[in-house]
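Heads up, protein-v1.txt below (compact mmCIF, C-alpha atoms):
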# COMPACT_ATOMS: atom_id res chain seq x y z
CA MET A 1 24.98 -22.01 -61.10
CA LEU A 2 26.53 -23.35 -57.89
CA ILE A 3 30.18 -24.43 -58.11
CA VAL A 4 31.43 -26.42 -55.11
CA GLY A 5 34.96 -27.57 -54.34
CA LEU A 6 35.08 -30.71 -52.21
CA GLY A 7 37.76 -31.28 -49.61
CA ASN A 8 38.30 -31.87 -45.92
CA ILE A 9 38.57 -29.24 -43.22
CA GLY A 10 41.65 -29.08 -41.01
CA SER A 11 45.28 -28.25 -41.64
CA GLN A 12 46.26 -31.94 -41.58
CA TYR A 13 44.32 -32.40 -44.84
CA ALA A 14 45.35 -29.17 -46.60
CA GLN A 15 47.91 -30.77 -48.92
CA THR A 16 46.26 -34.11 -49.61
CA ARG A 17 44.95 -35.50 -52.88
CA HIS A 18 41.42 -35.50 -51.45
CA ASN A 19 41.53 -31.68 -51.25
CA ILE A 20 42.32 -30.99 -54.91
CA GLY A 21 38.68 -30.08 -55.71
CA LYS A 22 38.68 -27.55 -52.90
CA TRP A 23 42.01 -26.18 -54.13
CA ALA A 24 40.65 -25.74 -57.69
CA VAL A 25 37.64 -23.68 -56.60
CA LEU A 26 39.69 -21.63 -54.13
CA GLN A 27 42.30 -20.98 -56.83
CA TYR A 28 39.63 -20.01 -59.35
CA CYS A 29 38.06 -17.60 -56.86
CA GLN A 30 41.43 -16.06 -56.02
CA GLU A 31 42.35 -15.58 -59.69
CA ASN A 32 38.96 -14.01 -60.44
CA ASN A 33 38.67 -11.75 -57.37
CA ILE A 34 35.75 -13.65 -55.89
CA ASP A 35 35.68 -13.12 -52.14
CA LEU A 36 34.60 -16.12 -50.11
CA SER A 37 33.23 -15.55 -46.63
CA ILE A 38 32.17 -17.98 -43.94
CA ASN A 39 28.43 -18.55 -43.78
CA LYS A 40 27.71 -20.63 -40.69
CA LYS A 41 24.07 -21.10 -41.69
CA LEU A 42 25.15 -22.73 -44.98
CA LYS A 43 28.12 -24.54 -43.40
CA ALA A 44 30.35 -23.24 -46.18
CA MET A 45 32.56 -20.44 -47.38
CA VAL A 46 30.48 -18.73 -50.04
CA GLY A 47 31.08 -16.11 -52.72
CA LYS A 48 29.09 -14.75 -55.64
CA LYS A 49 29.99 -13.25 -58.97
CA ALA A 50 27.95 -12.60 -62.10
CA GLY A 51 25.02 -14.71 -60.90
CA HIS A 52 27.18 -17.69 -59.96
CA VAL A 53 27.68 -18.99 -56.43
CA PHE A 54 30.97 -20.55 -55.34
CA ALA A 55 31.16 -22.67 -52.20
CA ILE A 56 33.65 -24.62 -50.12
CA PRO A 57 31.95 -26.81 -47.49
CA LEU A 58 33.20 -26.31 -43.94
CA LEU A 59 32.55 -29.96 -43.15
CA TYR A 60 34.46 -33.18 -43.57
CA MET A 61 34.24 -34.76 -47.01
CA ASN A 62 31.78 -37.44 -45.87
CA GLU A 63 29.35 -34.73 -44.73
CA SER A 64 29.87 -32.19 -47.52
CA GLY A 65 26.55 -32.94 -49.21
CA LEU A 66 24.78 -31.12 -46.39
CA ALA A 67 26.54 -27.85 -47.28
CA VAL A 68 25.84 -28.40 -50.99
CA SER A 69 22.15 -28.97 -50.25
CA LEU A 70 21.91 -25.95 -47.93
CA CYS A 71 23.55 -23.69 -50.53
CA ALA A 72 21.37 -25.02 -53.34
CA ASN A 73 18.21 -24.46 -51.31
CA TRP A 74 19.25 -21.00 -50.06
CA PHE A 75 20.13 -19.74 -53.56
CA ASP A 76 17.29 -21.69 -55.24
CA ILE A 77 19.60 -23.66 -57.53
CA ASP A 78 18.41 -26.91 -59.13
CA PRO A 79 20.72 -29.96 -59.09
CA GLU A 80 21.26 -29.66 -62.85
CA GLU A 81 22.88 -26.26 -62.20
CA ILE A 82 25.33 -27.60 -59.59
CA VAL A 83 28.95 -28.37 -60.44
CA VAL A 84 30.93 -30.40 -57.89
CA VAL A 85 34.71 -30.33 -58.30
CA HIS A 86 36.44 -33.35 -56.75
CA ASP A 87 39.35 -35.79 -56.84
CA GLU A 88 39.09 -38.98 -58.88
CA PHE A 89 41.07 -42.25 -58.51
CA ASP A 90 39.96 -43.51 -61.90
CA LEU A 91 41.78 -40.75 -63.77
CA ASP A 92 45.52 -40.29 -64.09
CA VAL A 93 47.13 -37.27 -62.49
CA GLY A 94 46.59 -34.36 -64.86
CA ASP A 95 43.45 -35.83 -66.47
CA ILE A 96 40.42 -33.62 -65.98
CA ARG A 97 36.94 -34.68 -67.07
CA ARG A 98 33.50 -33.18 -66.94
CA LYS A 99 30.58 -35.49 -66.25
CA THR A 100 26.87 -35.27 -65.52
CA GLY A 101 25.23 -37.88 -63.33
CA GLY A 102 26.54 -41.39 -62.80
CA GLY A 103 27.68 -43.21 -59.72
CA SER A 104 29.99 -42.17 -56.94
CA ALA A 105 32.80 -44.65 -57.75
CA GLY A 106 33.18 -45.04 -53.99
CA HIS A 107 33.85 -41.32 -53.40
CA ASN A 108 32.29 -40.51 -50.03
CA GLY A 109 31.92 -36.81 -50.78
CA ILE A 110 29.96 -37.58 -53.94
CA LYS A 111 27.86 -40.14 -52.02
CA SER A 112 27.03 -37.43 -49.50
CA VAL A 113 26.03 -34.97 -52.24
CA GLU A 114 23.84 -37.63 -53.88
CA ASN A 115 22.17 -38.44 -50.55
CA HIS A 116 21.45 -34.82 -49.66
CA LEU A 117 20.30 -33.73 -53.13
CA LYS A 118 18.40 -37.02 -53.55
CA THR A 119 19.68 -37.28 -57.11
CA ARG A 120 22.80 -38.15 -59.09
CA GLU A 121 21.93 -35.64 -61.80
CA PHE A 122 24.41 -32.90 -61.01
CA ASN A 123 27.56 -31.91 -62.88
CA ARG A 124 31.06 -32.88 -61.85
CA ILE A 125 34.55 -31.82 -62.69
CA ARG A 126 36.70 -34.84 -61.88
CA ILE A 127 40.37 -34.16 -61.21
CA GLY A 128 42.61 -37.19 -61.62
CA ILE A 129 44.79 -38.19 -58.69
CA GLY A 130 45.71 -41.63 -60.04
CA LYS A 131 45.18 -45.04 -58.52
CA PRO A 132 46.88 -45.92 -55.25
CA PRO A 133 49.73 -48.41 -55.37
CA TYR A 134 48.52 -52.01 -55.12
CA SER A 135 49.35 -52.40 -51.42
CA THR A 136 47.83 -49.04 -50.36
CA GLN A 137 44.24 -48.50 -49.26
CA GLY A 138 42.37 -45.80 -51.22
CA ALA A 139 41.67 -43.66 -48.16
CA ASP A 140 45.33 -43.78 -47.08
CA TYR A 141 46.39 -42.69 -50.55
CA ALA A 142 43.85 -39.86 -50.84
CA LEU A 143 44.49 -38.54 -47.33
CA LYS A 144 48.28 -38.77 -47.28
CA GLU A 145 50.03 -35.44 -46.75
CA LEU A 146 52.00 -34.77 -49.94
CA GLY A 147 54.43 -32.12 -48.77
CA SER A 148 54.92 -28.79 -50.50
CA ASN A 149 56.76 -29.98 -53.62
CA LYS A 150 54.42 -32.88 -54.46
CA TRP A 151 51.38 -30.73 -53.64
CA ALA A 152 52.63 -28.00 -55.98
CA ASP A 153 53.14 -30.62 -58.71
CA LEU A 154 49.58 -31.93 -58.26
CA CYS A 155 48.19 -28.39 -58.38
CA GLU A 156 50.16 -27.63 -61.53
CA GLU A 157 48.90 -30.82 -63.18
CA SER A 158 45.34 -29.91 -62.15
CA GLN A 159 45.40 -26.38 -63.56
CA LYS A 160 43.18 -27.44 -66.49
CA ALA A 161 40.28 -27.77 -64.04
CA LEU A 162 40.30 -23.98 -63.73
CA ASP A 163 39.71 -23.70 -67.48
CA LEU A 164 36.70 -26.02 -67.21
CA ILE A 165 35.27 -23.90 -64.39
CA ASP A 166 35.88 -20.82 -66.51
CA ASP A 167 34.08 -22.41 -69.49
CA LEU A 168 31.04 -23.10 -67.29
CA VAL A 169 30.98 -19.60 -65.86

Mind turning this structure into structure tokens?
Amino acid sequence: MLIVGLGNIGSQYAQTRHNIGKWAVLQYCQENNIDLSINKKLKAMVGKKAGHVFAIPLLYMNESGLAVSLCANWFDIDPEEIVVVHDEFDLDVGDIRRKTGGGSAGHNGIKSVENHLKTREFNRIRIGIGKPPYSTQGADYALKELGSNKWADLCEESQKALDLIDDLV
């Protein structure tokens, strides 16, 4: 199984809603003593434990499907055995859902994964970040720096995603 946390690279994106999938996989790895190391060939930070591969793409969200595809090919993992952890507008903050297949709902990271895997039939753990206020564009909302307190609150609300990852592993 390949478990991938989507997010953007760069410190300016570290505490944004769009990086909550990346946070969840990094947090899971930290709590379970899974060392991630940079693999330039796979364009990701990668770690392994008990037959499972964990990855954080080292690309921008819109390009992250390339890293997912490279990891899947390198470790010979079929799309049905891939779990992508990502942020989701259509869920309230704190709501966590598991899903297989379906559309991207406008999420550019998921679109990239679909394009590179050439299928929608992979698993997802969707972490709710809530809908943006009416007058705010989705990208502005997802990429807005939250600050330490609001980021900590989002991470606390998203803790259930770690349990879902644990159930899969």

Calculated over all atoms listed in the file, which of the candidates A:Gly7, A:Leu70, A:Leu117, A:Leu59 has the smallest distance to Trp23 of chain A?
A:Gly7

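The shortest atom-to-atom distance to Gln15 of chain A, with only C-alpha atoms taken into account, belongs to A:Glu145 out of A:Glu80, A:Glu145, A:Glu156, A:Asp163.
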
What's around segment 102-113 of chain A at 12 Å? Count all atoms listed in the file, leave out sequence neighbours fewer than 6 positions away in its own chain, and write the answer as a PyMOL selection string.
chain A and resi 4-8+18-19+21-22+57+59-72+79+82-91+119-126+138-139+142

Write out as a PyMOL selection string the residues lying within 10 Å of Trp151 of chain A, counting only C-alpha atoms and excluding same-chain residues fewer than 4 positions away.
chain A and resi 14-17+20+145-147+155-157

For a test of reading the model, state the distance in Å between atom CA of His52 of chain A and atom CA of Gly128 of chain A, rounded to one decimal.
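About the pair atom CA of His52 of chain A and atom CA of Gly128 of chain A: they are 24.9 Å apart.
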
When you draw a straight line from atom CA of Gln159 of chain A to atom CA of Leu143 of chain A, how long is it in Å?
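It comes out at 20.3 Å.
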
Excluding Lys49 of chain A and any residue of its chain fewer than 2 positions from it, enumerate the residues within 12 Å of it, using only C-alpha atoms, and give them as number ranges by chain.
A: 1-3, 28-29, 32-36, 46-47, 51-55, 169

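Distance-wise, atom CA of Lys99 of chain A and atom CA of Ile38 of chain A end up 28.4 Å apart.
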
Env of Leu58 of chain A: 7 Å cut, atoms = all atoms listed in the file, seq-sep filter 5 positions within chain, self excluded. Answer as a ChimeraX atom specification.
/A:9,43-45

Residue selection dump (C-alpha atoms) as a compact mmCIF listing (two decimals), in the coordinates of the input:
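Contents of out-v5.txt, freshly written:
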# COMPACT_ATOMS: atom_id res chain seq x y z
CA ILE A 9 38.57 -29.24 -43.22
CA LYS A 43 28.12 -24.54 -43.40
CA ALA A 44 30.35 -23.24 -46.18
CA MET A 45 32.56 -20.44 -47.38

Between A:Asp92, A:Lys118, A:Arg98, A:Tyr13, which residue has the minimum interatomic distance to Asp167 of chain A, considering only C-alpha atoms?
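Result for the nearest residue to Asp167 of chain A: A:Arg98.
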